[in-house]
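Notes to accompany the following structure.
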Amino acid sequence: MAWTKKILRVNLTDGVIQAEPLNMEWAQQYLGQRGLATRYLVEEVDSQVDALSPENKFIMATGPLTGTMASTGGRYSCITKSPLTGAIACSNSGGFFGAEMKNAGWDMIILEGKSPTPVYLYVEDSEARLIPADDLWGKSVWATDEEIHKKHQDPQIRIACIGRAAESGNLFAAVVNDLHRAAGRSGVGTVLASKNVKAVALRGTRGVGNLKDPMRFMNATFEHKQVLAANAVTGAGLPTYGTQVLMNVINELGALPTRNMREVRFEGAHSVSGEAMHEPRASDGKKNLTRNGGCFGCTIACGRISTVDRTHFSVKDKPQYWGNSGGLEYEAAWALGPDTGVDDLDALTYVNFLCNEDGLDPISFGATVAAAMELFEDGVLTTADTGGIELKFGSAEALVQITELTARGEGFGKEIGLGSKRLCEKYGRPELSMTVKGQEFPAYDPRGIQGMGLTYATSNRGACHLRSYTVSSEVLGIPIKTDPLVTDGKPELVIAFQDATAAVDSSGLCIFTTFAWSLDNIAPQIDAACEGDWSVEKCAEVGARIWQLERDFNMRAGLTGADDTLPKRLLKDAANVGPAEGKVCDLDAMLPKYYELRGWTTDGQLTSETRQRYGLPS
Amino acid sequence: MQKSLHIDPEKCTGCLQCEMACSYENEGVFNPSKSRIKVFTFHDEGRFVPYTCTQCDEAWCLQACPVDAIVLNFATGAKDILNDRCVGCKVCTIACPFGTVNYNTATGKVIKCDLCGGDPKCAEACPTSAITYVDANATGLERMRMWAAKTDTQTSAHA
Amino acid sequence: MNYVIIGTGPAGVVAAETLRQRQPLAAITLIGDEPEPPYSRMAIPYHLIGDIAEEGTHLRKAPAHFEREHIQRIEQHVTQIQADAHQLTLANGEQLGFDKLLLATGSRAVRPPIPGMDLPGVTNCWTLADARRIIAQANQGDDVILMGAGFIGCIILEALAKRGVNLTVVEMENRMVPRMMDEQSGGLLKRWCEQQGVRVFTSTRVNSVSQDGEQLAVELDSQPMMKVDLLICATGVKPNIELAKGWLQTEHGILVNRRLQTSHPDIFAAGDVAEGRDFSTGDYSVQAIQPTAVEHGFIAATNMSGGDYLHQGSINMNVLDTMGLISASFGLWQGVENGEAATLYDPEHYRYINLQFKGDRLVGANTLGMTQHIGALRGLIQNRTRLGKWKAHLMDNPSRFMEAYLQQRVA
């Protein structure tokens, strides 16, 4: 149980909204959220459709533990075909939206077709309706959030929506919920925009129950919360510094990709680190960080709530940005900072606000700006292209200007909205795009953390750290320490992380719990809540099945083993400093073994035995 | 010694574990919309403020109830709602100047904090000790009494 | 001390209990002229629906509550008060002495001066006796007119609908609950009722009522004549000031000072019968609402028993559940001169909020379709809270009142 066992299906083309029962047979095979929604997508969407056509579908899905008292049980995911990568998109978000969906009585919302005019979906428990959004189209996420709350006169409504970036066709536009939590990656916001859906607004008052064994569940969640509290990362590091605790650590390791991954260490890393966010600033003595905040049910609370220095050039004439909002997380700080060479914490905080305000994935955005900066430095782009912006590495002014344009989908910002792959191709320098399958890298250089090279190359949604965060093992020693410079054993490590992550992403819990929790901690919580047997082994098997199914979707979409690669820069240009000095990412040493362990052919296709083994749909 | 809830917004991260614990104890499901304690978010200020009934001495709700459905619990000091008496007239929801008595449309009765009979689940669930259950003479209660006093304009001593 | 209280509504009962608390040894007598234990009119609708038995309407539930408190109860009508003799006369001729007297005689339902209002098929809905009559006469399939869509009318509307009667509401003003809601929210309420299958005629008067066989023929000024089985009159109430008339200062109600004292130093008045101080205006008027009756009862009793408390005034406020649509009003919801208003109106979802400001203080409010934290509106008005920058936030989005309230308290 724990599932509401109900799906809300919204046909946008004809405006028909229906409730239907959740396929419980699939729930036993795919658990929920990421896995179960993928199963629905595979069933209902031809992998080869144009991601921005009405034939694509958009699924918002919760897990069985979403909305429960399990720590971090507030997650939901957006599953669709990605316009950025052409592969499956699955973007996970926290905040309060997911739990509200569950409280309204829905495991999933499936949006299909395309509305003839802009609308938003309003769901209040069992009542759902499409409401005209012509007046909201053209507004930012923040303005839309405000308007919808006002219209319904209910401060408790939870809203996920798109900003002007998505409307302008930006290919890495996010769905932002609760003002500054995002299903950020792979252009899921762009898909929503293509369907003329501005927002989904929810109000749930029914409650989440249906636990298999309530007493055991309450005991299990209580017990494992203690584990999170006692752990150095989840109990101290993350609450204090957020994910930004990593900035200095990764820089030390020589694995902090810098200036479009030309280098592996950033001289300005400290200025934009988690520690720097705690340092009082000169102008008003306040810290960048006001406090840490938690998503729904989260007892870690890694979220940053920050302000920009009012005297900073970026906001001094814009009092609307003087208040608090979501602050820098590590990946965003990296993409907007080290990768563009900008070491100005206030500039980064401001542009991060803008990414939330108009729904941009800060990783893809920052990395695309970094690529554009390299194009600019190489003379391929000029101020004639950029509309006068001196797009130089290290220029906070340029970063601020280009963010404002990209957020609104104006000027050269529209070109940035193509993403780095298309931008670099357009200007004849495809090798400068730091992407896999068209999606930009996050903040770990695979020359210094070899396992992450394999992670990026094989990630089903394109370059991503959250598909198998081997940094845990290779850097932090969780659950066991492995050498980041060694490739031996990494295929096994990556697969174990990929499978466990897929299971966690399907449960409703946050992947950050896995700094302290393994499936040994998580499976008992799922098992106490959900009907069926949810042993550690079953969870791992479900994770593996999900991975295979995602891969299957991608292969049918036309991707091949040739897409499981990295940019030449990482494979050929050695790191220039640090522990990895002289090293490239040795993907060739890992990929064949990985394929073999996955049960794939040497060119990366699923064998029929593998399909059979996991019971994948034919 | 009677105890009371002490709330320190400075420590709150807005995770709503308290709301879930409260609703689970009182409704049998995790349902923040039915929680007796609510966390309010001040986005601009970057603050989270848990808020619930202070069990004020004035007991506006108890006084206003036309059917004797709100009673003083002598063990806890809480003003408890007796569900079998409450008719759902909602007079207490407008009488309480703190806004902490709410009508539950699902049951047709009103709900408010009753300190879980002396074992408040919100305090137990709070991961940061933003909500604690402490001796009534501790500083927190003093502060709450001050809030209550600020609202006490119903009567005043003749100067 | 010998205290006598006339009236067994909330004001009288709270006063009796307050006196007992303050004066353990005093003699306290509570006189009521209905043959019932003290009960609450607020609860009658829930009795009509069948949610509660008659006992459920009783103001005090503990067995032998008044005996245990040593409050003597007399079920008699008081016919006369001899103030200077500190004595009163009961209908049975008995004389009763007092040191201090509280008049908490409440109000009664009135019928408009229209032909036929005295026919047996016409009833009020005010007392338990009325309720018994409605229960006997308004049943499945009966045709019923509810005359008056004020607070009382609306509060019994759902009960009547749930009893399965074929209901028509006739209101002479242009909207429902005109004394609690403005045109927008009153209009929404009408639409809501109609959507629930209740016929509502506003701006319509009943011209006359006449007997037509077993039924009543009801002539309306702007609609065809109707034949009904029962006409329930809820056109208003009037303070029961007869006992005071001529020798105490009275206008619409009995005049009192801020101690709830009448023009006679040993006689106090409280509740629906008293023209008490209004918090918002500082003027004296009859509010006729439950919370005010309770406040009056407490303050009057305190002053009768040696205390010296000044009434700061009661906030006029109401909450109403009309077939599931909940509305509330607080203070000067109609606004004040040179004031400002912030409203949000969402007719599609039956939601409405109206906040009225004077300077940066809230002075009144209406809500429709809201159930959460609405008491804070009272808090903001009663504290005369300076809203500061939150005034602008509320002008933009009045539904954020709870944040404004908390910001001022906890910040």
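Residues are named by chain letter and number: chains run A, B, ... in the order of the structure tokens, numbers start at 1 in each chain, and ligands are numbered from 1 in the order shown.
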Residues of chain A that have any atom at most 7 Å from an atom of chain B: could you tabulate them with the shortest-distance atom pair and the distance in Å to one decimal, using only C-alpha atoms, ordered by chain and increasing number, as a tab-separated table?
residue	atom	partner	partner_atom	distance
A:Gly67	CA	B:Phe30	CA	6.9
A:Thr68	CA	B:Phe30	CA	6.0
A:Met69	CA	B:Met20	CA	6.3
A:Asn103	CA	B:Asn31	CA	6.7
A:Thr205	CA	B:Ser33	CA	5.4
A:Arg206	CA	B:Asn31	CA	6.7
A:Gly207	CA	B:Asn31	CA	4.0
A:Val208	CA	B:Phe30	CA	5.0
A:Gly209	CA	B:Val29	CA	4.8
A:Thr290	CA	B:Gly46	CA	6.6
A:Asn292	CA	B:Thr13	CA	6.3
A:Gly293	CA	B:Thr13	CA	4.4
A:Gly294	CA	B:Cys15	CA	4.8
A:Cys295	CA	B:Cys15	CA	5.5
A:Phe296	CA	B:Cys15	CA	4.9
A:Gly297	CA	B:Cys15	CA	4.9
A:Cys298	CA	B:Cys15	CA	5.4
A:Thr299	CA	B:Pro127	CA	5.8
A:Ala301	CA	B:Thr13	CA	6.6
A:Ile305	CA	B:Gly46	CA	6.2
A:Gly323	CA	B:Asp44	CA	4.6
A:Asn324	CA	B:Asp44	CA	4.6
A:Ser325	CA	B:His43	CA	6.6
Would you export the selected residues with N, CA and C atoms as a PDB file, in the first residue's frame, please?
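File selection-v9.pdb, as written:
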ATOM      1  N   GLY A  67       5.087  11.830   0.905  1.00  0.00           N
ATOM      2  CA  GLY A  67       3.981  12.269   1.745  1.00  0.00           C
ATOM      3  C   GLY A  67       3.877  11.536   3.069  1.00  0.00           C
ATOM      4  N   THR A  68       4.829  10.647   3.324  1.00  0.00           N
ATOM      5  CA  THR A  68       4.828   9.944   4.616  1.00  0.00           C
ATOM      6  C   THR A  68       5.869  10.557   5.538  1.00  0.00           C
ATOM      7  N   MET A  69       5.932  10.022   6.733  1.00  0.00           N
ATOM      8  CA  MET A  69       6.871  10.552   7.716  1.00  0.00           C
ATOM      9  C   MET A  69       8.290  10.021   7.549  1.00  0.00           C
ATOM     10  N   ASN A 103      -1.254  13.891  -1.112  1.00  0.00           N
ATOM     11  CA  ASN A 103      -2.332  14.264  -0.201  1.00  0.00           C
ATOM     12  C   ASN A 103      -3.639  14.520  -0.925  1.00  0.00           C
ATOM     13  N   THR A 205      -6.029  17.474   0.769  1.00  0.00           N
ATOM     14  CA  THR A 205      -6.431  17.446   2.179  1.00  0.00           C
ATOM     15  C   THR A 205      -6.865  16.055   2.631  1.00  0.00           C
ATOM     16  N   ARG A 206      -6.609  15.063   1.799  1.00  0.00           N
ATOM     17  CA  ARG A 206      -7.115  13.730   2.139  1.00  0.00           C
ATOM     18  C   ARG A 206      -6.177  12.931   3.037  1.00  0.00           C
ATOM     19  N   GLY A 207      -4.897  13.240   2.956  1.00  0.00           N
ATOM     20  CA  GLY A 207      -3.969  12.514   3.806  1.00  0.00           C
ATOM     21  C   GLY A 207      -3.399  11.289   3.127  1.00  0.00           C
ATOM     22  N   VAL A 208      -2.241  10.884   3.619  1.00  0.00           N
ATOM     23  CA  VAL A 208      -1.556   9.724   3.065  1.00  0.00           C
ATOM     24  C   VAL A 208      -1.554   8.630   4.117  1.00  0.00           C
ATOM     25  N   GLY A 209      -2.096   7.520   3.752  1.00  0.00           N
ATOM     26  CA  GLY A 209      -2.168   6.414   4.705  1.00  0.00           C
ATOM     27  C   GLY A 209      -1.916   5.106   3.993  1.00  0.00           C
ATOM     28  N   THR A 290      21.241  32.655   4.976  1.00  0.00           N
ATOM     29  CA  THR A 290      20.396  33.042   6.099  1.00  0.00           C
ATOM     30  C   THR A 290      20.151  31.841   7.008  1.00  0.00           C
ATOM     31  N   ASN A 292      19.410  27.167   6.797  1.00  0.00           N
ATOM     32  CA  ASN A 292      19.147  25.998   5.963  1.00  0.00           C
ATOM     33  C   ASN A 292      17.669  25.663   6.028  1.00  0.00           C
ATOM     34  N   GLY A 293      17.166  25.119   4.949  1.00  0.00           N
ATOM     35  CA  GLY A 293      15.746  24.779   4.884  1.00  0.00           C
ATOM     36  C   GLY A 293      15.575  23.347   4.429  1.00  0.00           C
ATOM     37  N   GLY A 294      14.491  22.762   4.842  1.00  0.00           N
ATOM     38  CA  GLY A 294      14.216  21.380   4.469  1.00  0.00           C
ATOM     39  C   GLY A 294      13.092  21.287   3.467  1.00  0.00           C
ATOM     40  N   CYS A 295      13.150  20.264   2.622  1.00  0.00           N
ATOM     41  CA  CYS A 295      11.998  19.926   1.803  1.00  0.00           C
ATOM     42  C   CYS A 295      11.013  19.168   2.696  1.00  0.00           C
ATOM     43  N   PHE A 296       9.890  18.797   2.111  1.00  0.00           N
ATOM     44  CA  PHE A 296       8.859  18.092   2.869  1.00  0.00           C
ATOM     45  C   PHE A 296       9.438  16.848   3.552  1.00  0.00           C
ATOM     46  N   GLY A 297       9.271  16.796   4.854  1.00  0.00           N
ATOM     47  CA  GLY A 297       9.642  15.611   5.609  1.00  0.00           C
ATOM     48  C   GLY A 297      11.126  15.380   5.773  1.00  0.00           C
ATOM     49  N   CYS A 298      11.944  16.341   5.352  1.00  0.00           N
ATOM     50  CA  CYS A 298      13.389  16.087   5.357  1.00  0.00           C
ATOM     51  C   CYS A 298      14.019  16.458   6.686  1.00  0.00           C
ATOM     52  N   THR A 299      14.698  15.490   7.296  1.00  0.00           N
ATOM     53  CA  THR A 299      15.382  15.759   8.560  1.00  0.00           C
ATOM     54  C   THR A 299      16.859  16.084   8.341  1.00  0.00           C
ATOM     55  N   ALA A 301      17.820  18.625   5.723  1.00  0.00           N
ATOM     56  CA  ALA A 301      17.684  20.073   5.464  1.00  0.00           C
ATOM     57  C   ALA A 301      18.956  20.673   4.893  1.00  0.00           C
ATOM     58  N   ILE A 305      19.089  28.929   2.017  1.00  0.00           N
ATOM     59  CA  ILE A 305      18.243  30.107   1.868  1.00  0.00           C
ATOM     60  C   ILE A 305      19.152  31.318   2.022  1.00  0.00           C
ATOM     61  N   GLY A 323      15.304  40.174  -1.051  1.00  0.00           N
ATOM     62  CA  GLY A 323      14.832  39.222  -0.040  1.00  0.00           C
ATOM     63  C   GLY A 323      15.538  37.885  -0.162  1.00  0.00           C
ATOM     64  N   ASN A 324      15.107  36.963   0.677  1.00  0.00           N
ATOM     65  CA  ASN A 324      15.679  35.622   0.656  1.00  0.00           C
ATOM     66  C   ASN A 324      15.048  34.774  -0.434  1.00  0.00           C
ATOM     67  N   SER A 325      15.854  33.864  -0.946  1.00  0.00           N
ATOM     68  CA  SER A 325      15.303  32.836  -1.817  1.00  0.00           C
ATOM     69  C   SER A 325      16.293  31.674  -1.837  1.00  0.00           C
TER      70      SER A 325
END
**Report entry** 12 Å contact set for range 249-252 of chain A, only C-alpha atoms, chain neighbours under 4 positions out, as number ranges by chain
**Finding:** A: 243-245, 256-258, 263-270, 272-275, 330-331, 334, 338, 443-446, 448-449, 471-472, 474-476, 484, 577-580
Query raised in the report: Quick one: residues within 10 Å of Met176 in chain C, only C-alpha atoms counted, chain neighbours fewer than 3 positions away excluded, as a PyMOL selection string?
Result: chain C and resi 148-151+153-154+169-173+179-183+185-190+200-203
Report task. Identify every residue of chain C that has at least one atom within 8 Å of any atom of chain B, counting only C-alpha atoms, and report the result as a ChimeraX atom specification. Result -> /C:10,39-40,42-43,46,51-52,56-61,290-291,294-295,299,308-314,317-321,328,371-380,382-383,402-403,409
**Report entry** Residue contacts of Leu348 in chain A (7 Å, only C-alpha atoms) excluding same-chain residues fewer than 3 positions away, as a list in words
**Finding:** Ala333, Leu336, Gly337, Asp344, Leu345, Val351 and Asn352 of chain A
Let me see the file: selected residues, all heavy atoms, as an mmCIF file, in the first residue's frame.
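Okay, this is what ended up in result-v7.cif:
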data_model
loop_
_atom_site.group_PDB
_atom_site.id
_atom_site.type_symbol
_atom_site.label_atom_id
_atom_site.label_comp_id
_atom_site.auth_asym_id
_atom_site.auth_seq_id
_atom_site.Cartn_x
_atom_site.Cartn_y
_atom_site.Cartn_z
ATOM 1 N N ALA A 333 26.353 26.157 -8.226
ATOM 2 C CA ALA A 333 27.484 27.048 -7.944
ATOM 3 C C ALA A 333 28.648 26.730 -8.875
ATOM 4 O O ALA A 333 29.325 27.627 -9.393
ATOM 5 C CB ALA A 333 27.911 26.889 -6.486
ATOM 6 N N LEU A 336 27.740 27.789 -12.632
ATOM 7 C CA LEU A 336 27.678 29.238 -12.785
ATOM 8 C C LEU A 336 29.004 29.885 -12.412
ATOM 9 O O LEU A 336 29.304 30.990 -12.855
ATOM 10 C CB LEU A 336 26.554 29.804 -11.904
ATOM 11 C CG LEU A 336 25.154 29.218 -12.179
ATOM 12 C CD1 LEU A 336 24.169 29.639 -11.092
ATOM 13 C CD2 LEU A 336 24.648 29.634 -13.560
ATOM 14 N N GLY A 337 29.811 29.188 -11.595
ATOM 15 C CA GLY A 337 31.064 29.750 -11.081
ATOM 16 C C GLY A 337 32.294 29.188 -11.762
ATOM 17 O O GLY A 337 32.702 29.676 -12.816
ATOM 18 N N ASP A 344 32.473 35.374 -8.122
ATOM 19 C CA ASP A 344 31.730 36.404 -7.392
ATOM 20 C C ASP A 344 30.472 35.766 -6.800
ATOM 21 O O ASP A 344 29.499 35.491 -7.506
ATOM 22 C CB ASP A 344 31.381 37.516 -8.398
ATOM 23 C CG ASP A 344 30.551 38.631 -7.792
ATOM 24 O OD1 ASP A 344 29.891 38.407 -6.755
ATOM 25 O OD2 ASP A 344 30.558 39.732 -8.373
ATOM 26 N N LEU A 345 30.513 35.532 -5.481
ATOM 27 C CA LEU A 345 29.430 34.788 -4.822
ATOM 28 C C LEU A 345 28.067 35.470 -4.985
ATOM 29 O O LEU A 345 27.061 34.809 -5.185
ATOM 30 C CB LEU A 345 29.758 34.620 -3.328
ATOM 31 C CG LEU A 345 28.776 33.773 -2.511
ATOM 32 C CD1 LEU A 345 28.744 32.336 -3.000
ATOM 33 C CD2 LEU A 345 29.146 33.819 -1.026
ATOM 34 N N VAL A 351 22.244 35.088 -10.111
ATOM 35 C CA VAL A 351 21.865 34.368 -11.335
ATOM 36 C C VAL A 351 21.185 33.037 -10.989
ATOM 37 O O VAL A 351 20.319 32.571 -11.725
ATOM 38 C CB VAL A 351 23.043 34.162 -12.325
ATOM 39 C CG1 VAL A 351 23.597 35.495 -12.779
ATOM 40 C CG2 VAL A 351 24.119 33.285 -11.751
ATOM 41 N N ASN A 352 21.527 32.488 -9.838
ATOM 42 C CA ASN A 352 20.816 31.290 -9.381
ATOM 43 C C ASN A 352 19.348 31.626 -9.082
ATOM 44 O O ASN A 352 18.439 30.864 -9.413
ATOM 45 C CB ASN A 352 21.502 30.725 -8.141
ATOM 46 C CG ASN A 352 20.969 29.365 -7.741
ATOM 47 O OD1 ASN A 352 21.059 28.416 -8.514
ATOM 48 N ND2 ASN A 352 20.399 29.273 -6.547
#
